[in-house]
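One file, coords11.txt, is given below (compact mmCIF, C-alpha atoms).
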```txt
# COMPACT_ATOMS: atom_id res chain seq x y z
CA MET A 1 0.00 0.00 0.00
CA ALA A 2 0.94 3.66 -0.32
CA GLU A 3 0.53 6.37 2.30
CA LEU A 4 -1.68 9.38 1.72
CA PRO A 5 0.62 12.31 2.49
CA GLU A 6 -0.74 15.27 4.45
CA ASP A 7 -1.14 17.44 1.34
CA ALA A 8 -3.17 14.67 -0.32
CA ARG A 9 -5.44 14.39 2.70
CA LYS A 10 -5.88 18.17 2.65
CA LEU A 11 -6.93 18.10 -1.01
CA LEU A 12 -9.43 15.34 -0.15
CA ASP A 13 -10.78 17.36 2.82
CA GLU A 14 -11.64 20.30 0.55
CA PRO A 15 -14.87 20.07 -1.51
CA ASN A 16 -13.08 18.96 -4.69
CA PHE A 17 -14.66 16.33 -6.92
CA ALA A 18 -12.85 13.08 -7.67
CA ASP A 19 -12.92 11.32 -11.01
CA PHE A 20 -13.20 7.61 -10.31
CA VAL A 21 -12.22 4.92 -12.83
CA THR A 22 -13.46 1.33 -12.82
CA LEU A 23 -13.01 -1.43 -15.38
CA MET A 24 -15.83 -2.59 -17.68
CA PRO A 25 -16.33 -6.36 -18.33
CA ASP A 26 -14.15 -6.12 -21.49
CA GLY A 27 -11.34 -4.44 -19.51
CA SER A 28 -11.92 -0.96 -20.93
CA PRO A 29 -12.06 2.05 -18.58
CA GLN A 30 -15.16 3.83 -17.26
CA VAL A 31 -14.82 7.14 -15.41
CA THR A 32 -17.33 9.24 -13.45
CA PRO A 33 -17.07 12.39 -11.33
CA VAL A 34 -17.94 11.62 -7.70
CA TRP A 35 -17.86 13.09 -4.21
CA VAL A 36 -14.91 11.79 -2.21
CA ASP A 37 -13.81 11.26 1.39
CA HIS A 38 -10.90 9.62 3.25
CA ASP A 39 -10.15 8.06 6.65
CA GLY A 40 -6.43 8.82 6.68
CA THR A 41 -5.58 5.49 5.01
CA HIS A 42 -8.32 4.78 2.46
CA VAL A 43 -9.85 6.97 -0.20
CA ILE A 44 -13.62 6.60 0.22
CA ILE A 45 -16.36 6.88 -2.40
CA ASN A 46 -20.12 6.47 -1.94
CA THR A 47 -22.29 5.13 -4.76
CA ALA A 48 -25.61 3.31 -5.21
CA GLU A 49 -26.29 -0.34 -5.98
CA GLY A 50 -27.54 -0.90 -9.52
CA ARG A 51 -25.02 1.44 -11.08
CA GLN A 52 -22.14 0.39 -13.32
CA LYS A 53 -19.46 1.17 -10.72
CA PRO A 54 -20.42 -1.43 -8.05
CA ARG A 55 -21.02 -4.06 -10.75
CA ASN A 56 -17.56 -3.40 -12.16
CA LEU A 57 -15.92 -3.39 -8.71
CA ARG A 58 -17.31 -6.78 -7.69
CA ARG A 59 -15.71 -8.27 -10.80
CA ASP A 60 -12.42 -6.33 -10.71
CA PRO A 61 -11.42 -4.21 -7.67
CA ARG A 62 -8.71 -2.22 -9.47
CA VAL A 63 -9.45 1.52 -9.62
CA ALA A 64 -7.86 4.89 -10.32
CA ILE A 65 -8.81 8.28 -8.86
CA SER A 66 -7.80 11.83 -9.68
CA VAL A 67 -8.65 14.87 -7.58
CA VAL A 68 -7.94 18.41 -8.77
CA ASP A 69 -8.06 21.56 -6.65
CA ARG A 70 -11.20 23.29 -7.94
CA THR A 71 -9.41 26.64 -7.61
CA ASN A 72 -6.05 25.61 -9.11
CA GLY A 73 -5.86 23.07 -11.93
CA TYR A 74 -2.13 22.57 -11.38
CA ARG A 75 -2.60 21.14 -7.87
CA TYR A 76 -3.82 17.57 -8.11
CA LEU A 77 -3.64 14.06 -6.78
CA GLN A 78 -3.55 10.78 -8.70
CA VAL A 79 -4.18 7.48 -6.93
CA ARG A 80 -4.15 3.93 -8.24
CA GLY A 81 -5.31 1.16 -5.93
CA ARG A 82 -7.89 -1.45 -5.18
CA VAL A 83 -11.21 -1.69 -3.39
CA VAL A 84 -10.83 -3.55 -0.10
CA ASP A 85 -14.35 -3.14 1.29
CA MET A 86 -17.90 -2.33 0.11
CA ILE A 87 -20.23 -1.50 3.01
CA HIS A 88 -23.99 -0.85 3.18
CA GLU A 89 -24.15 -0.14 6.91
CA GLY A 90 -23.87 3.60 7.58
CA ALA A 91 -23.79 4.42 3.88
CA TRP A 92 -26.81 6.77 4.05
CA GLU A 93 -25.30 8.70 6.96
CA HIS A 94 -22.08 8.87 4.95
CA ILE A 95 -23.67 10.23 1.74
CA ASN A 96 -25.41 12.92 3.82
CA LYS A 97 -22.06 13.81 5.40
CA LEU A 98 -20.71 14.24 1.86
CA ALA A 99 -23.76 16.35 0.92
CA ARG A 100 -22.87 18.69 3.79
CA LYS A 101 -19.25 18.83 2.62
CA TYR A 102 -20.13 19.63 -1.00
CA MET A 103 -23.47 21.45 -0.76
CA GLY A 104 -23.52 23.19 2.62
CA PRO A 105 -24.08 22.55 6.34
CA GLU A 106 -27.85 22.00 6.04
CA ALA A 107 -27.77 19.85 2.90
CA ARG A 108 -29.00 16.31 2.44
CA TYR A 109 -28.27 14.01 -0.50
CA PRO A 110 -30.67 15.28 -3.21
CA GLY A 111 -31.11 11.98 -5.12
CA SER A 112 -33.66 9.21 -4.63
CA GLN A 113 -34.16 8.17 -1.01
CA GLN A 114 -34.99 4.63 -2.24
CA GLU A 115 -31.41 3.87 -3.30
CA THR A 116 -29.26 1.29 -1.57
CA ARG A 117 -26.12 3.31 -0.91
CA VAL A 118 -22.73 1.65 -0.61
CA ILE A 119 -19.45 2.90 0.87
CA ILE A 120 -16.42 1.94 -1.23
CA LYS A 121 -13.03 1.84 0.50
CA VAL A 122 -9.99 2.12 -1.75
CA LEU A 123 -6.53 1.17 -0.50
CA PRO A 124 -3.99 3.30 -2.39
CA GLU A 125 -1.09 1.42 -4.00
CA HIS A 126 0.40 4.30 -5.96
CA VAL A 127 0.04 7.97 -5.00
CA GLN A 128 1.31 11.00 -6.91
CA LEU A 129 0.75 14.57 -5.78
CA PHE A 130 1.40 17.54 -8.03
CA ALA A 131 1.62 21.09 -6.75
CA PRO A 132 2.90 24.35 -8.18
CA ARG A 133 6.28 25.38 -6.83
CA ARG A 134 5.94 28.03 -4.17
CA GLY A 135 7.75 31.18 -5.23
CA MET B 1 -18.68 2.93 -34.77
CA GLY B 2 -18.26 6.36 -33.27
CA LYS B 3 -21.28 8.35 -32.15
CA PRO B 4 -22.03 12.02 -32.87
CA LEU B 5 -21.58 14.30 -29.86
CA PRO B 6 -24.81 15.87 -28.58
CA ASP B 7 -24.90 19.65 -28.08
CA GLY B 8 -24.43 19.32 -24.30
CA ALA B 9 -21.23 17.31 -24.84
CA LYS B 10 -19.90 19.85 -27.35
CA ARG B 11 -20.64 22.73 -24.96
CA ILE B 12 -18.71 21.10 -22.10
CA LEU B 13 -15.81 20.01 -24.34
CA ASP B 14 -15.56 23.53 -25.81
CA GLY B 15 -15.56 25.16 -22.34
CA LEU B 16 -12.41 25.81 -20.34
CA ASN B 17 -12.87 22.62 -18.32
CA LEU B 18 -10.38 20.01 -17.25
CA ALA B 19 -11.13 16.50 -18.49
CA HIS B 20 -10.12 13.41 -16.55
CA VAL B 21 -8.75 10.92 -19.04
CA ALA B 22 -8.63 7.24 -18.10
CA THR B 23 -6.34 4.73 -19.82
CA ILE B 24 -5.26 1.14 -19.20
CA MET B 25 -1.88 0.24 -17.67
CA PRO B 26 0.20 -2.71 -19.01
CA ASN B 27 -1.22 -5.01 -16.27
CA GLY B 28 -4.81 -4.10 -17.18
CA SER B 29 -5.42 -1.75 -14.23
CA PRO B 30 -6.79 1.77 -14.81
CA GLN B 31 -4.95 5.10 -14.72
CA VAL B 32 -6.44 8.62 -14.76
CA SER B 33 -5.03 12.12 -15.10
CA PRO B 34 -6.42 15.65 -15.53
CA THR B 35 -5.98 16.83 -19.11
CA TRP B 36 -6.81 19.74 -21.40
CA VAL B 37 -9.09 18.78 -24.26
CA TYR B 38 -10.37 20.35 -27.44
CA ARG B 39 -12.76 19.23 -30.14
CA HIS B 40 -12.74 18.71 -33.89
CA ASP B 41 -16.32 18.06 -35.05
CA ASP B 42 -17.42 14.85 -33.30
CA TYR B 43 -13.95 13.89 -32.09
CA VAL B 44 -12.38 14.61 -28.71
CA MET B 45 -8.76 15.74 -29.11
CA ILE B 46 -6.06 15.29 -26.47
CA SER B 47 -2.66 16.98 -26.83
CA THR B 48 -0.07 15.51 -24.52
CA GLY B 49 3.65 14.85 -24.03
CA THR B 50 5.31 11.78 -25.54
CA ASP B 51 6.88 10.96 -22.14
CA ARG B 52 3.58 10.57 -20.24
CA GLN B 53 2.09 7.39 -18.79
CA LYS B 54 -1.16 7.89 -20.66
CA THR B 55 0.81 8.16 -23.90
CA ARG B 56 2.54 4.83 -23.29
CA ASN B 57 -0.82 3.33 -22.37
CA LEU B 58 -2.69 4.69 -25.41
CA GLU B 59 0.02 3.52 -27.81
CA ARG B 60 -0.59 -0.02 -26.54
CA ASP B 61 -4.35 0.03 -25.85
CA PRO B 62 -6.56 2.61 -27.64
CA ARG B 63 -9.47 2.24 -25.23
CA VAL B 64 -10.08 5.44 -23.29
CA ALA B 65 -12.69 7.11 -21.11
CA LEU B 66 -13.07 10.69 -19.97
CA SER B 67 -15.28 12.66 -17.62
CA ILE B 68 -15.81 16.37 -17.08
CA ALA B 69 -17.70 17.98 -14.20
CA PRO B 70 -17.47 21.75 -14.87
CA VAL B 71 -16.47 23.60 -11.67
CA ASP B 72 -19.26 26.17 -12.06
CA GLN B 73 -21.96 23.56 -12.83
CA PRO B 74 -20.85 20.00 -12.00
CA PHE B 75 -24.25 18.34 -12.58
CA PRO B 76 -25.00 16.77 -14.91
CA PRO B 77 -21.44 15.82 -15.84
CA LEU B 78 -20.14 14.59 -19.19
CA GLN B 79 -18.97 10.99 -19.42
CA ILE B 80 -17.53 9.48 -22.59
CA ARG B 81 -16.11 6.08 -23.41
CA GLY B 82 -14.33 5.61 -26.71
CA ARG B 83 -11.16 4.78 -28.52
CA VAL B 84 -8.25 6.45 -30.25
CA VAL B 85 -8.84 6.38 -34.01
CA GLU B 86 -5.84 8.47 -35.07
CA ILE B 87 -2.46 9.31 -33.56
CA ILE B 88 -1.09 12.63 -34.79
CA ARG B 89 2.67 13.20 -34.55
CA GLY B 90 5.30 15.67 -35.73
CA GLU B 91 4.51 19.30 -36.56
CA ALA B 92 0.78 18.48 -36.73
CA ALA B 93 0.99 17.42 -33.06
CA VAL B 94 2.71 20.72 -32.22
CA ASP B 95 -0.18 22.49 -34.01
CA GLY B 96 -2.51 20.63 -31.64
CA PHE B 97 -0.48 21.84 -28.64
CA VAL B 98 -0.74 25.42 -29.92
CA GLU B 99 -4.49 25.05 -30.52
CA VAL B 100 -5.19 23.72 -27.03
CA SER B 101 -2.86 26.25 -25.36
CA LYS B 102 -4.69 29.11 -27.07
CA LYS B 103 -8.03 27.64 -26.04
CA TYR B 104 -6.93 27.59 -22.39
CA GLY B 105 -5.73 31.18 -22.41
CA ASN B 106 -2.17 31.42 -23.75
CA PRO B 107 -2.48 33.60 -26.88
CA ASN B 108 1.11 33.04 -28.02
CA PRO B 109 2.46 29.62 -26.97
CA GLN B 110 6.03 28.71 -27.78
CA ARG B 111 6.25 25.72 -30.15
CA PRO B 112 7.88 22.75 -28.39
CA PRO B 113 10.07 20.23 -30.28
CA ALA B 114 7.88 17.95 -32.42
CA ALA B 115 9.42 14.84 -30.83
CA GLU B 116 7.90 15.86 -27.47
CA ARG B 117 4.26 16.13 -28.55
CA VAL B 118 1.47 13.82 -29.65
CA VAL B 119 -2.27 14.31 -30.28
CA TYR B 120 -4.87 11.58 -29.89
CA LYS B 121 -8.10 11.80 -31.88
CA ILE B 122 -10.84 9.97 -30.00
CA GLU B 123 -14.22 8.77 -31.20
CA ALA B 124 -16.98 8.32 -28.64
CA THR B 125 -18.69 4.94 -28.44
CA SER B 126 -20.75 5.71 -25.30
CA ILE B 127 -21.85 9.18 -24.19
CA VAL B 128 -23.67 10.45 -21.10
CA ALA B 129 -24.21 14.19 -21.46
CA PRO B 130 -26.64 16.99 -20.70
CA LYS B 131 -29.01 17.55 -23.66
CA THR B 132 -27.99 21.16 -24.22
```
Could you write out this file's structure as structure tokens?
Amino acid sequence: MAELPEDARKLLDEPNFADFVTLMPDGSPQVTPVWVDHDGTHVIINTAEGRQKPRNLRRDPRVAISVVDRTNGYRYLQVRGRVVDMIHEGAWEHINKLARKYMGPEARYPGSQQETRVIIKVLPEHVQLFAPRRG
Amino acid sequence: MGKPLPDGAKRILDGLNLAHVATIMPNGSPQVSPTWVYRHDDYVMISTGTDRQKTRNLERDPRVALSIAPVDQPFPPLQIRGRVVEIIRGEAAVDGFVEVSKKYGNPNPQRPPAAERVVYKIEATSIVAPKT
């Protein structure tokens, strides 16, 4: 595994979107913008059952993630790794936590309340952080 | 066969947005990096350096995906899956670098050595995009 350095965790703490890649059945890539979280070790995504992402991940856990500072396109993080856990318990509380992070302190997840949400934990294996040189 | 890009896809591709371009590593795992893009008709164009991981990946496996969530209006995002149908090298690739640099705000980019640049022309086989 690879560590998430402090600057990477900081980028993940800010309300920047992640672009999350999974592998289709034929091995080709699929990528979607998602909200993102971390626990210090794992990069954490939250999606819904029935979508392409969880189907792909149960067949092949290899993923890639990029996160760009929404205010500075030259500051970004690239992670390659694998999914080590997919969890239903607490996933609704978690998506509402992300709604507050991305939409504001009073926000709730605006999509269908009928979805079965799932927390996806990614263990990084390769981490690269890019940042402009400070002058 | 490639698909025509709907107006919503063209609008997002023509905007000053960063695309996230996913390619396949030699062991079959995915890789993704933020990338400038531009558009020629129904093709997504990527100008990049010949020393990049995505370049090595695309030379071996033309399958590619990209997503764009514009910072000012992230929903609904653009998602495209497709493949490289043409690899443009030499001075034509430098022209692509100049075109994309101008698009993203450098009116007078310096021309890099042709050996350092490559442009990938990508046709879309699957598109999720806003209608307009």
Using all atoms listed in the file, find which residues of chain B lie within 9 Å of chain A and jot them down as a PDB file with C-alpha atoms, in the frame of the given file.
```pdb
ATOM      1  CA  LEU B  18     -10.380  20.010 -17.250  1.00  0.00           C
ATOM      2  CA  HIS B  20     -10.120  13.410 -16.550  1.00  0.00           C
ATOM      3  CA  VAL B  21      -8.750  10.920 -19.040  1.00  0.00           C
ATOM      4  CA  ALA B  22      -8.630   7.240 -18.100  1.00  0.00           C
ATOM      5  CA  THR B  23      -6.340   4.730 -19.820  1.00  0.00           C
ATOM      6  CA  ILE B  24      -5.260   1.140 -19.200  1.00  0.00           C
ATOM      7  CA  GLY B  28      -4.810  -4.100 -17.180  1.00  0.00           C
ATOM      8  CA  SER B  29      -5.420  -1.750 -14.230  1.00  0.00           C
ATOM      9  CA  PRO B  30      -6.790   1.770 -14.810  1.00  0.00           C
ATOM     10  CA  GLN B  31      -4.950   5.100 -14.720  1.00  0.00           C
ATOM     11  CA  VAL B  32      -6.440   8.620 -14.760  1.00  0.00           C
ATOM     12  CA  SER B  33      -5.030  12.120 -15.100  1.00  0.00           C
ATOM     13  CA  PRO B  34      -6.420  15.650 -15.530  1.00  0.00           C
ATOM     14  CA  ARG B  63      -9.470   2.240 -25.230  1.00  0.00           C
ATOM     15  CA  VAL B  64     -10.080   5.440 -23.290  1.00  0.00           C
ATOM     16  CA  ALA B  65     -12.690   7.110 -21.110  1.00  0.00           C
ATOM     17  CA  LEU B  66     -13.070  10.690 -19.970  1.00  0.00           C
ATOM     18  CA  SER B  67     -15.280  12.660 -17.620  1.00  0.00           C
ATOM     19  CA  ILE B  68     -15.810  16.370 -17.080  1.00  0.00           C
ATOM     20  CA  ALA B  69     -17.700  17.980 -14.200  1.00  0.00           C
ATOM     21  CA  VAL B  71     -16.470  23.600 -11.670  1.00  0.00           C
ATOM     22  CA  PRO B  74     -20.850  20.000 -12.000  1.00  0.00           C
ATOM     23  CA  PRO B  77     -21.440  15.820 -15.840  1.00  0.00           C
ATOM     24  CA  LEU B  78     -20.140  14.590 -19.190  1.00  0.00           C
ATOM     25  CA  GLN B  79     -18.970  10.990 -19.420  1.00  0.00           C
ATOM     26  CA  ILE B  80     -17.530   9.480 -22.590  1.00  0.00           C
ATOM     27  CA  ARG B  81     -16.110   6.080 -23.410  1.00  0.00           C
TER      28      ARG B  81
END
```
* **Test item: residues at most 10 Å from Met24 in chain A, all atoms listed in the file, excluding those fewer than 6 positions along its chain, as a VMD selection string** => chain A and resid 30 52 to 53 55 to 57 59 to 60
Go ahead and write the selection's residues with C-alpha atoms as a compact mmCIF listing (two decimals), keeping the file's coordinate frame.
```txt
# COMPACT_ATOMS: atom_id res chain seq x y z
CA GLN A 30 -15.16 3.83 -17.26
CA GLN A 52 -22.14 0.39 -13.32
CA LYS A 53 -19.46 1.17 -10.72
CA ARG A 55 -21.02 -4.06 -10.75
CA ASN A 56 -17.56 -3.40 -12.16
CA LEU A 57 -15.92 -3.39 -8.71
CA ARG A 59 -15.71 -8.27 -10.80
CA ASP A 60 -12.42 -6.33 -10.71
```
* To do: Dump as JSON, numbers by chain all residues having an atom at most 12 Å from (-19.6, 19.0, -22.2), computed in the file's coordinates with only C-alpha atoms.
  => {"B": [5, 6, 7, 8, 9, 10, 11, 12, 13, 14, 15, 16, 17, 18, 19, 37, 38, 39, 44, 66, 67, 68, 69, 70, 71, 73, 74, 75, 76, 77, 78, 79, 80, 127, 128, 129, 130, 131, 132]}
Enclose all atoms of range 16-28 of chain B listed in the file in an axis-aligned box, grow every side by 3 Å, and hand back centre and edge lengths in Å to one decimal, as lines of an AutoDock Vina configuration file.
```
center_x = -6.3
center_y = 10.4
center_z = -18.3
size_x = 19.1
size_y = 36.8
size_z = 10.1
```
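As for CA of Ile87 in chain A and CA of Lys101 in chain A, they are spaced 20.4 Å apart.
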* **Who sits within 7 Å of range 84-98 of chain B, all atoms listed in the file, same chain under 5 positions skipped, as number ranges by chain** => B: 47, 62-63, 109, 111-112, 114-115, 117-123
* Just the residues within 12 Å of Arg108 in chain A, please, counting all atoms listed in the file, with nothing from its chain fewer than 5 positions along; format it as a list in words. =>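 Non-adjacent residues within range: Trp92, Glu93, His94, Ile95, Asn96, Lys97, Leu98, Ala99, Arg100, Lys101, Tyr102, Met103 and Gln113 of chain A.
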* Could you state the separation of CA of Pro132 in chain A and CA of Val36 in chain A in Å, given to one decimal place? ->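 These two atoms are separated by 22.6 Å.
The spacing separating CA of Asp72 in chain B from CA of Gly111 in chain A amounts to 19.7 Å.
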* To do: Just the residues within 6 Å of range 48-50 of chain A, please, counting all atoms listed in the file, with nothing from its chain fewer than 2 positions along; format it as a ChimeraX atom specification.
  => /A:116-118
